[in-house]
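Heads up, coords-v5.tsv below (TSV, C-alpha atoms):
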chain	number	residue	atom	x	y	z
M	336	MET	CA	36.96	104.12	35.54
M	337	GLU	CA	37.70	107.78	35.19
M	338	THR	CA	34.15	108.50	34.08
M	339	LEU	CA	32.88	106.61	37.13
M	340	THR	CA	34.96	108.68	39.55
M	341	GLN	CA	33.89	111.78	37.68
M	342	PHE	CA	30.25	110.72	37.98
M	343	LEU	CA	30.63	109.94	41.70
M	344	ALA	CA	32.29	113.32	42.28
M	345	MET	CA	29.09	115.07	41.09
M	346	GLY	CA	31.04	118.15	40.01
M	347	GLY	CA	32.27	118.68	43.55
M	348	TYR	CA	28.81	118.31	45.11
M	349	ALA	CA	29.15	114.61	45.99
M	350	ALA	CA	28.93	115.38	49.74
M	351	PHE	CA	25.45	116.84	49.18
M	352	VAL	CA	23.98	114.90	46.25
M	353	TRP	CA	24.61	111.37	47.57
M	354	PRO	CA	23.43	111.97	51.15
M	355	ALA	CA	20.27	113.59	49.76
M	356	LEU	CA	19.56	110.52	47.63
M	357	ALA	CA	20.45	108.19	50.51
M	358	ILE	CA	18.06	109.98	52.89
M	359	ALA	CA	15.22	109.83	50.36
M	360	ALA	CA	15.84	106.13	49.65
M	361	GLY	CA	16.28	105.33	53.34
M	362	VAL	CA	13.10	107.06	54.48
M	363	MET	CA	10.99	105.51	51.72
M	364	THR	CA	12.34	101.99	52.26
M	365	GLY	CA	11.97	102.31	56.02
M	366	LEU	CA	8.35	103.42	55.80
M	367	LEU	CA	7.55	100.61	53.37
M	368	ILE	CA	9.12	97.98	55.62
M	369	GLN	CA	7.43	99.34	58.74
M	370	SER	CA	4.03	99.32	56.98
M	371	LEU	CA	4.54	95.75	55.75
M	372	ARG	CA	5.62	94.58	59.21
M	373	PHE	CA	2.58	96.18	60.84
M	374	LEU	CA	0.29	94.44	58.34
M	375	ARG	CA	1.98	91.04	58.76
M	376	ALA	CA	1.89	91.33	62.56
M	377	ARG	CA	-1.86	92.08	62.50
M	378	GLU	CA	-2.47	89.15	60.13
M	379	LYS	CA	-0.68	86.80	62.50
M	380	GLU	CA	-2.52	88.21	65.51
M	381	LEU	CA	-5.87	87.75	63.79
M	382	ALA	CA	-4.98	84.23	62.70
M	383	LYS	CA	-4.27	83.37	66.35
M	384	LEU	CA	-7.68	84.69	67.32
M	385	GLY	CA	-9.30	82.43	64.72
M	386	GLY	CA	-11.10	85.08	62.70
M	387	ASP	CA	-8.57	85.14	59.92
M	388	ASN	CA	-10.65	84.99	56.75
M	389	ASP	CA	-9.90	88.56	55.76
M	390	ALA	CA	-6.26	88.27	56.75
M	391	ARG	CA	-5.74	85.36	54.38
M	392	ARG	CA	-7.50	87.16	51.58
M	393	GLY	CA	-5.42	90.27	52.19
M	394	SER	CA	-2.04	88.56	52.15
M	395	ARG	CA	-2.65	86.53	49.03
M	396	SER	CA	-2.56	89.47	46.62
U	879	MET	CA	-19.10	107.47	48.25
U	880	HIS	CA	-20.65	105.31	50.93
U	881	ARG	CA	-20.11	102.28	48.76
U	882	PHE	CA	-16.35	102.67	49.05
U	883	ALA	CA	-16.61	102.89	52.81
U	884	ASN	CA	-17.36	99.20	52.97
U	885	PRO	CA	-14.13	97.50	54.09
U	886	ALA	CA	-14.84	94.33	52.07
U	887	ARG	CA	-15.22	96.41	48.92
U	888	PHE	CA	-12.08	98.39	49.78
U	889	LEU	CA	-10.11	95.17	50.24
U	890	ARG	CA	-11.33	93.89	46.87
U	891	ILE	CA	-10.53	97.10	44.98
U	892	SER	CA	-7.20	97.63	46.72
U	893	ALA	CA	-6.14	94.05	45.91
U	894	VAL	CA	-6.56	94.92	42.22
U	895	ILE	CA	-4.78	98.27	42.48
U	896	LEU	CA	-1.85	97.16	44.68
U	897	PRO	CA	0.21	95.12	42.15
U	898	TRP	CA	-0.23	97.85	39.53
U	899	ALA	CA	0.85	100.55	41.96
U	900	VAL	CA	3.92	98.49	42.97
U	901	GLY	CA	4.89	98.04	39.31
U	902	LEU	CA	4.31	101.68	38.40
U	903	ALA	CA	6.23	102.94	41.44
U	904	ALA	CA	9.25	100.79	40.57
U	905	LEU	CA	9.08	101.72	36.89
U	906	PHE	CA	8.68	105.47	37.37
U	907	ILE	CA	11.25	105.78	40.14
U	908	ALA	CA	13.81	103.71	38.20
U	909	THR	CA	13.40	105.68	34.97
U	910	GLY	CA	13.14	108.92	36.93
U	911	LEU	CA	16.45	108.20	38.67
U	912	TYR	CA	18.05	107.31	35.34
U	913	PHE	CA	17.02	110.67	33.89
U	914	ALA	CA	17.87	112.50	37.11
U	915	LEU	CA	21.39	111.10	37.35
U	916	PHE	CA	22.47	110.30	33.79
U	917	ALA	CA	20.21	111.69	31.11
U	918	SER	CA	19.80	115.29	32.25
U	919	PRO	CA	22.30	118.15	32.03
U	920	PRO	CA	23.88	119.97	34.97
U	921	ASP	CA	22.30	123.34	35.69
U	922	TYR	CA	24.22	126.35	34.38
U	923	GLN	CA	24.16	127.94	37.84
U	924	GLN	CA	23.71	125.03	40.25
U	925	GLY	CA	26.00	122.57	38.45
U	926	GLU	CA	25.48	118.94	39.46
U	927	SER	CA	23.79	119.91	42.72
U	928	VAL	CA	20.60	120.40	40.68
U	929	ARG	CA	20.22	116.59	40.83
U	930	ILE	CA	19.09	116.96	44.44
U	931	MET	CA	16.05	118.78	43.04
U	932	TYR	CA	14.75	115.57	41.46
U	933	VAL	CA	14.22	114.02	44.88
U	934	HIS	CA	13.52	117.28	46.73
U	935	VAL	CA	10.79	118.88	44.60
U	936	PRO	CA	8.58	115.76	44.24
U	937	SER	CA	8.86	115.11	48.01
U	938	ALA	CA	7.73	118.67	48.67
U	939	TRP	CA	4.81	118.26	46.26
U	940	MET	CA	3.84	115.00	47.95
U	941	ALA	CA	4.11	116.61	51.39
U	942	SER	CA	1.37	119.07	50.45
U	943	PHE	CA	-0.60	116.63	48.30
U	944	VAL	CA	-0.82	114.03	51.09
U	945	TYR	CA	-1.93	116.74	53.51
U	946	GLY	CA	-4.70	117.63	51.06
U	947	GLY	CA	-5.76	113.98	51.19
U	948	LEU	CA	-5.56	113.99	54.99
U	949	ALA	CA	-7.74	117.11	55.24
U	950	LEU	CA	-10.26	115.69	52.75
U	951	THR	CA	-10.59	112.30	54.46
U	952	SER	CA	-10.80	114.05	57.83
U	953	ALA	CA	-13.67	116.22	56.54
U	954	ILE	CA	-15.47	113.13	55.21
U	955	ALA	CA	-14.86	111.37	58.52
U	956	LEU	CA	-16.27	114.26	60.55
U	957	VAL	CA	-19.29	115.03	58.35
U	958	TRP	CA	-20.40	111.56	57.20
U	959	LYS	CA	-18.76	109.53	59.98
U	960	HIS	CA	-17.20	107.10	57.53
U	961	PRO	CA	-15.16	104.51	59.44
U	962	LEU	CA	-12.98	103.99	56.36
U	963	ALA	CA	-12.22	107.72	56.16
U	964	HIS	CA	-10.74	107.60	59.67
U	965	VAL	CA	-8.71	104.55	58.64
U	966	ALA	CA	-7.42	106.41	55.57
U	967	ALA	CA	-6.55	109.54	57.56
U	968	LYS	CA	-4.67	107.50	60.15
U	969	ALA	CA	-2.72	105.78	57.36
U	970	MET	CA	-1.85	109.05	55.62
U	971	SER	CA	-0.18	111.15	58.30
U	972	PRO	CA	2.95	108.98	58.75
U	973	ILE	CA	3.40	108.91	54.96
U	974	GLY	CA	3.03	112.67	54.75
U	975	ALA	CA	5.45	113.15	57.63
U	976	CYS	CA	8.04	111.04	55.79
U	977	PHE	CA	7.68	113.04	52.57
U	978	THR	CA	7.91	116.31	54.52
U	979	PHE	CA	11.02	115.13	56.32
U	980	MET	CA	12.56	114.15	52.97
U	981	ALA	CA	11.75	117.58	51.51
U	982	LEU	CA	13.30	119.35	54.51
U	983	ALA	CA	16.42	117.18	54.68
U	984	THR	CA	17.19	117.16	50.94
U	985	GLY	CA	16.42	120.87	50.73
U	986	SER	CA	18.88	121.49	53.51
U	987	LEU	CA	21.54	119.46	51.69
U	988	TRP	CA	20.95	121.59	48.62
U	989	GLY	CA	20.82	124.86	50.56
U	990	LYS	CA	24.24	124.41	52.13
U	991	PRO	CA	26.27	124.57	48.88
U	992	MET	CA	23.83	126.87	47.02
U	993	TRP	CA	22.70	129.36	49.67
U	994	GLY	CA	25.62	128.86	52.03
U	995	THR	CA	23.35	127.73	54.88
U	996	TRP	CA	21.57	124.56	55.98
U	997	TRP	CA	18.54	126.46	57.17
U	998	VAL	CA	16.91	129.89	57.13
U	999	TRP	CA	13.71	130.93	58.85
U	1000	ASP	CA	12.12	132.14	55.65
U	1001	ALA	CA	8.41	131.77	54.97
U	1002	ARG	CA	8.64	128.68	52.73
U	1003	LEU	CA	10.96	126.69	54.98
U	1004	THR	CA	9.11	127.65	58.13
U	1005	SER	CA	5.66	126.83	56.74
U	1006	VAL	CA	6.90	123.41	55.59
U	1007	LEU	CA	8.38	122.81	59.04
U	1008	ILE	CA	4.93	123.62	60.48
U	1009	LEU	CA	3.47	121.08	58.04
U	1010	PHE	CA	5.84	118.49	59.49
U	1011	PHE	CA	4.67	119.31	63.03
U	1012	LEU	CA	1.03	119.15	61.92
U	1013	TYR	CA	1.61	115.59	60.71
U	1014	LEU	CA	3.34	114.68	63.98
U	1015	GLY	CA	0.52	116.33	65.93
U	1016	HIS	CA	-2.05	114.32	64.00
U	1017	MET	CA	-0.23	111.08	64.78
U	1018	ALA	CA	0.14	112.00	68.45
U	1019	LEU	CA	-3.52	113.01	68.89
U	1020	LEU	CA	-4.74	109.71	67.42
U	1021	ASN	CA	-3.07	107.89	70.30
U	1022	ALA	CA	-3.64	110.49	73.01
U	1023	PHE	CA	-7.04	109.25	74.23
U	1024	GLU	CA	-8.10	106.08	75.95
U	1025	ASP	CA	-11.19	106.12	73.75
U	1026	SER	CA	-9.75	105.93	70.24
U	1027	SER	CA	-12.83	107.48	68.60
U	1028	ARG	CA	-12.26	110.66	70.59
U	1029	GLY	CA	-8.67	110.75	69.40
U	1030	GLU	CA	-9.85	110.28	65.84
U	1031	ARG	CA	-12.21	113.23	66.07
U	1032	ALA	CA	-9.62	115.49	67.68
U	1033	ALA	CA	-7.03	114.52	65.06
U	1034	ALA	CA	-9.54	115.16	62.25
U	1035	VAL	CA	-10.24	118.65	63.58
U	1036	LEU	CA	-6.50	119.36	63.78
U	1037	ALA	CA	-6.04	118.14	60.19
U	1038	LEU	CA	-8.84	120.43	58.97
U	1039	VAL	CA	-7.62	123.51	60.84
U	1040	GLY	CA	-4.08	122.84	59.65
U	1041	ALA	CA	-5.23	122.89	56.02
U	1042	ILE	CA	-4.90	126.69	56.19
U	1043	ASN	CA	-1.15	126.01	55.99
U	1044	LEU	CA	-1.42	124.61	52.44
U	1045	PRO	CA	-2.11	127.90	50.60
U	1046	ILE	CA	0.44	129.57	52.86
U	1047	ILE	CA	3.08	127.06	51.75
U	1048	HIS	CA	2.18	127.48	48.09
U	1049	TRP	CA	2.15	131.28	47.99
U	1050	SER	CA	4.75	131.91	50.68
U	1051	VAL	CA	7.37	132.46	48.00
U	1052	GLU	CA	5.26	135.28	46.52
U	1053	TRP	CA	3.77	136.85	49.63
U	1054	TRP	CA	7.08	137.19	51.43
U	1055	ASN	CA	10.63	137.88	50.45
U	1056	THR	CA	12.01	134.39	50.71
U	1057	LEU	CA	15.40	132.90	50.02
U	1058	HIS	CA	13.51	129.98	48.50
U	1059	GLN	CA	12.96	130.46	44.78
U	1060	PRO	CA	9.43	131.03	43.39
U	1061	ALA	CA	7.46	128.32	41.58
U	1062	SER	CA	8.85	127.40	38.17
U	1063	ILE	CA	6.36	124.72	37.19
U	1064	PHE	CA	2.87	125.21	38.67
U	1065	ARG	CA	2.61	128.87	37.75
U	1066	MET	CA	0.57	131.11	35.48
U	1067	GLY	CA	2.07	131.07	31.99
U	1068	GLY	CA	3.47	127.55	32.22
U	1069	PRO	CA	6.77	126.09	33.41
U	1070	THR	CA	9.95	128.10	33.00
U	1071	ILE	CA	12.37	125.18	33.10
U	1072	ASP	CA	13.60	123.03	30.25
U	1073	SER	CA	11.96	119.70	29.37
U	1074	ALA	CA	15.28	117.92	30.03
U	1075	MET	CA	14.70	118.79	33.68
U	1076	LEU	CA	10.90	118.49	33.64
U	1077	ILE	CA	11.04	114.84	32.52
U	1078	PRO	CA	12.91	113.50	35.58
U	1079	LEU	CA	10.85	115.74	37.87
U	1080	PHE	CA	7.54	114.40	36.60
U	1081	LEU	CA	8.76	110.79	36.45
U	1082	MET	CA	9.84	111.00	40.08
U	1083	ALA	CA	6.57	112.70	41.05
U	1084	LEU	CA	4.58	109.91	39.38
U	1085	GLY	CA	6.78	107.31	41.08
U	1086	TYR	CA	6.27	108.92	44.48
U	1087	THR	CA	2.52	109.04	43.89
U	1088	ALA	CA	2.42	105.32	43.04
U	1089	TYR	CA	4.59	104.60	46.10
U	1090	PHE	CA	2.13	106.61	48.20
U	1091	VAL	CA	-0.75	104.46	46.92
U	1092	VAL	CA	1.17	101.27	47.77
U	1093	VAL	CA	1.98	102.33	51.32
U	1094	LEU	CA	-1.50	103.79	51.85
U	1095	ILE	CA	-3.14	100.47	50.91
U	1096	LEU	CA	-0.75	98.47	53.13
U	1097	ARG	CA	-1.32	100.75	56.13
U	1098	MET	CA	-5.09	100.87	55.64
U	1099	ARG	CA	-5.24	97.07	55.50
U	1100	GLY	CA	-3.16	96.82	58.64
U	1101	GLU	CA	-5.40	99.29	60.42
U	1102	LEU	CA	-8.58	97.51	59.30
U	1103	LEU	CA	-7.20	94.26	60.71
U	1104	ALA	CA	-6.22	96.00	63.95
U	1105	ARG	CA	-9.81	97.21	64.30
U	1106	LYS	CA	-11.18	93.77	63.58
U	1107	ILE	CA	-8.89	92.33	66.26
U	1108	ARG	CA	-10.15	94.93	68.75
U	1109	VAL	CA	-13.78	94.08	67.98
U	1110	ILE	CA	-13.16	90.34	68.38
U	1111	ARG	CA	-11.36	90.87	71.70
U	1112	MET	CA	-14.17	93.11	72.97
U	1113	ALA	CA	-16.77	90.57	71.92
U	1114	ARG	CA	-14.90	87.81	73.74
U	1115	VAL	CA	-14.59	89.85	76.90
U	1116	THR	CA	-18.26	90.82	76.97
U	1117	GLY	CA	-19.23	87.30	75.89
U	1118	ALA	CA	-17.25	85.82	78.78
U	1119	GLU	CA	-18.83	88.27	81.18
U	1120	HIS	CA	-22.26	87.34	79.89
U	1121	LEU	CA	-21.48	83.67	80.33
U	1122	SER	CA	-20.23	84.01	83.89
U	1123	ALA	CA	-23.21	86.23	84.75
U	1124	SER	CA	-25.68	83.63	83.50
U	1125	ARG	CA	-23.82	80.90	85.41
U	1126	ALA	CA	-24.04	82.92	88.59
U	1127	THR	CA	-27.81	83.33	88.27
U	1128	SER	CA	-28.60	79.68	87.50

Can the structure from this file be put into structure tokens for me?
Amino acid sequence: METLTQFLAMGGYAAFVWPALAIAAGVMTGLLIQSLRFLRAREKELAKLGGDNDARRGSRS
Amino acid sequence: MHRFANPARFLRISAVILPWAVGLAALFIATGLYFALFASPPDYQQGESVRIMYVHVPSAWMASFVYGGLALTSAIALVWKHPLAHVAAKAMSPIGACFTFMALATGSLWGKPMWGTWWVWDARLTSVLILFFLYLGHMALLNAFEDSSRGERAAAVLALVGAINLPIIHWSVEWWNTLHQPASIFRMGGPTIDSAMLIPLFLMALGYTAYFVVVLILRMRGELLARKIRVIRMARVTGAEHLSASRATS
């Protein structure tokens, strides 16, 4: 337990180390989700239009 | 080169690459984080705050690297008029903007305890901020015209002109007296930092690169579908017009 608190304290730099990691993780996850959503939305839109051959092929992988 | 411009071929190749890139990104980032947080020593001057470097430095590398890709695809798009090159360029600028934002934000969080300030207008920080605005400008120009092909050309020109910023970013720490430290890895005479710190840096850089490939493929696929949708809609509109015109004449 003590080693965990020591680890989380980051030698007194916890207020800088953890937000830095959180920002990096947040930005990367956000971009990934936004890109996936955009792709899924286009696949649905194309399927509605009827010309969905490529969309199906794309989403299977 | 033209062979890769074929969307069907791109979809085939990218379908093979995508699962590998996903696996490699997860693997490298997980092991990189393990080394960055547990298996590397604190710096003798920076203490534990050096761990910020393992997310900061690779983001900064990616910020420049992605811009290199953006400039290259923009050049190909302008010279050879590859449709796929425009698709790639459009997919790249949001990714580059994200990496640049990460570099700026994490650098700021490191600068506060180490330099005593969140921000200074030194040459390195300012040139990276300009890089961020170049990415935003590229994204804005793409959507600034009614005719999307005009926007694409304008954005490609901006991306090419902005490439002058890349050598400025790289050598800013030598050309000017900056608060930002000079290069310690990509320099003449080899790296000056210990392998215990190089390992997490390179693992994270590889992980970021694989992540970039994943997001690039996803965004390019989305954009290709968006274009296909536009073409189908256009064809329906003109087809309907044609139909009603022929009805009117008969």

Residue nearest chain M - candidates U:Gly1085, U:Pro1045, U:Gly1029, U:Gly1100, atoms counted: only C-alpha atoms: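 Of U:Gly1085, U:Pro1045, U:Gly1029, U:Gly1100, the one nearest chain M, counting only C-alpha atoms, is U:Gly1100.
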
Long-range neighbours of Ala349 of chain M as a list of chain:residue names, 12 Å cut-off, only C-alpha atoms, 2 positions minimum in chain: M:Thr340, M:Gln341, M:Phe342, M:Leu343, M:Ala344, M:Met345, M:Gly346, M:Gly347, M:Phe351, M:Val352, M:Trp353, M:Pro354, M:Ala355, M:Leu356, M:Ala357, U:Gly925, U:Glu926, U:Ser927, U:Val928, U:Arg929, U:Ile930, U:Leu987, U:Trp988, U:Pro991

Find the residues of chain M that sit at most 9 Å from chain U; for each, write down the nearest two atoms and how far apart they are in Å, to one decimal. Count all atoms listed in the file. Sort by chain, then by number going up, and give it as CSV.
residue,atom,partner,partner_atom,distance
M:Phe342,CA,U:Phe916,CA,8.8
M:Met345,CA,U:Glu926,CA,5.5
M:Gly346,CA,U:Glu926,CA,5.6
M:Gly347,CA,U:Glu926,CA,7.9
M:Tyr348,CA,U:Ser927,CA,5.8
M:Ala349,CA,U:Ser927,CA,8.2
M:Ala350,CA,U:Leu987,CA,8.7
M:Phe351,CA,U:Leu987,CA,5.3
M:Val352,CA,U:Ile930,CA,5.6
M:Trp353,CA,U:Ile930,CA,8.5
M:Pro354,CA,U:Leu987,CA,7.7
M:Ala355,CA,U:Thr984,CA,4.9
M:Leu356,CA,U:Val933,CA,7.0
M:Ile358,CA,U:Met980,CA,6.9
M:Ala359,CA,U:Met980,CA,5.7
M:Val362,CA,U:Cys976,CA,6.6
M:Met363,CA,U:Cys976,CA,7.5
M:Leu366,CA,U:Ile973,CA,7.4
M:Leu367,CA,U:Val1093,CA,6.2
M:Ser370,CA,U:Arg1097,CA,5.6
M:Leu371,CA,U:Leu1096,CA,6.5
M:Phe373,CA,U:Gly1100,CA,6.2
M:Leu374,CA,U:Gly1100,CA,4.2
M:Arg375,CA,U:Gly1100,CA,7.7
M:Ala376,CA,U:Gly1100,CA,8.4
M:Arg377,CA,U:Leu1103,CA,6.0
M:Glu378,CA,U:Leu1103,CA,7.0
M:Glu380,CA,U:Ile1107,CA,7.6
M:Leu381,CA,U:Ile1107,CA,6.0
M:Leu384,CA,U:Ile1107,CA,7.8
M:Gly386,CA,U:Ile1110,CA,8.0
M:Asp389,CA,U:Leu1103,CA,8.0
M:Ala390,CA,U:Leu1103,CA,7.2
M:Arg392,CA,U:Leu889,CA,8.5
M:Gly393,CA,U:Leu889,CA,7.1
M:Arg395,CA,U:Ala893,CA,8.9
M:Ser396,CA,U:Ala893,CA,5.9

Each side padded by 4 Å, which centre and which edge lengths in Å (one decimal) define the axis-aligned box around the listed atoms of segment 359-367 of chain M? Give them as lines of an AutoDock Vina configuration file.
center_x = 11.9
center_y = 105.2
center_z = 52.8
size_x = 16.7
size_y = 17.2
size_z = 14.4

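Relative to atom CA of Val944 of chain U, atom CA of Phe1080 of chain U is found at 16.7 Å.
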
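Within 7 Å of Tyr1013 of chain U, once all atoms listed in the file are used and residues closer than 2 positions along the same chain are dropped, the contacting residues are U:Ser971, U:Gly974, U:Ala975, U:Leu1009, U:Phe1010, U:Phe1011, U:Gly1015, U:His1016, U:Met1017.
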
Under the rule that only C-alpha atoms are counted, which of U:Val1051, U:Val1109, U:Leu1044, U:Ala963 is the nearest residue to Pro885 of chain U?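 Looking only at the distances to Pro885 of chain U, the closest residue turns out to be U:Ala963.
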
Excluding same-chain residues fewer than 6 positions from Met1082 of chain U, what lies within 7 Å of it counting all atoms listed in the file, as a VMD selection string? chain U and resid 906 to 907 910 932 936

May I have the protein, DNA and RNA residues with an atom at most 7 Å from (6.2, 120.4, 50.2), counting only C-alpha atoms in the file's coordinates, returned as a ChimeraX atom specification? /U:937-942,978,981,1006

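Atom pair atom CA of Leu948 of chain U / atom CA of Ala966 of chain U: separated by 7.8 Å.
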
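With atom CA of Tyr945 of chain U on one side and atom CA of Ala1041 of chain U on the other, the separation reads 7.4 Å.
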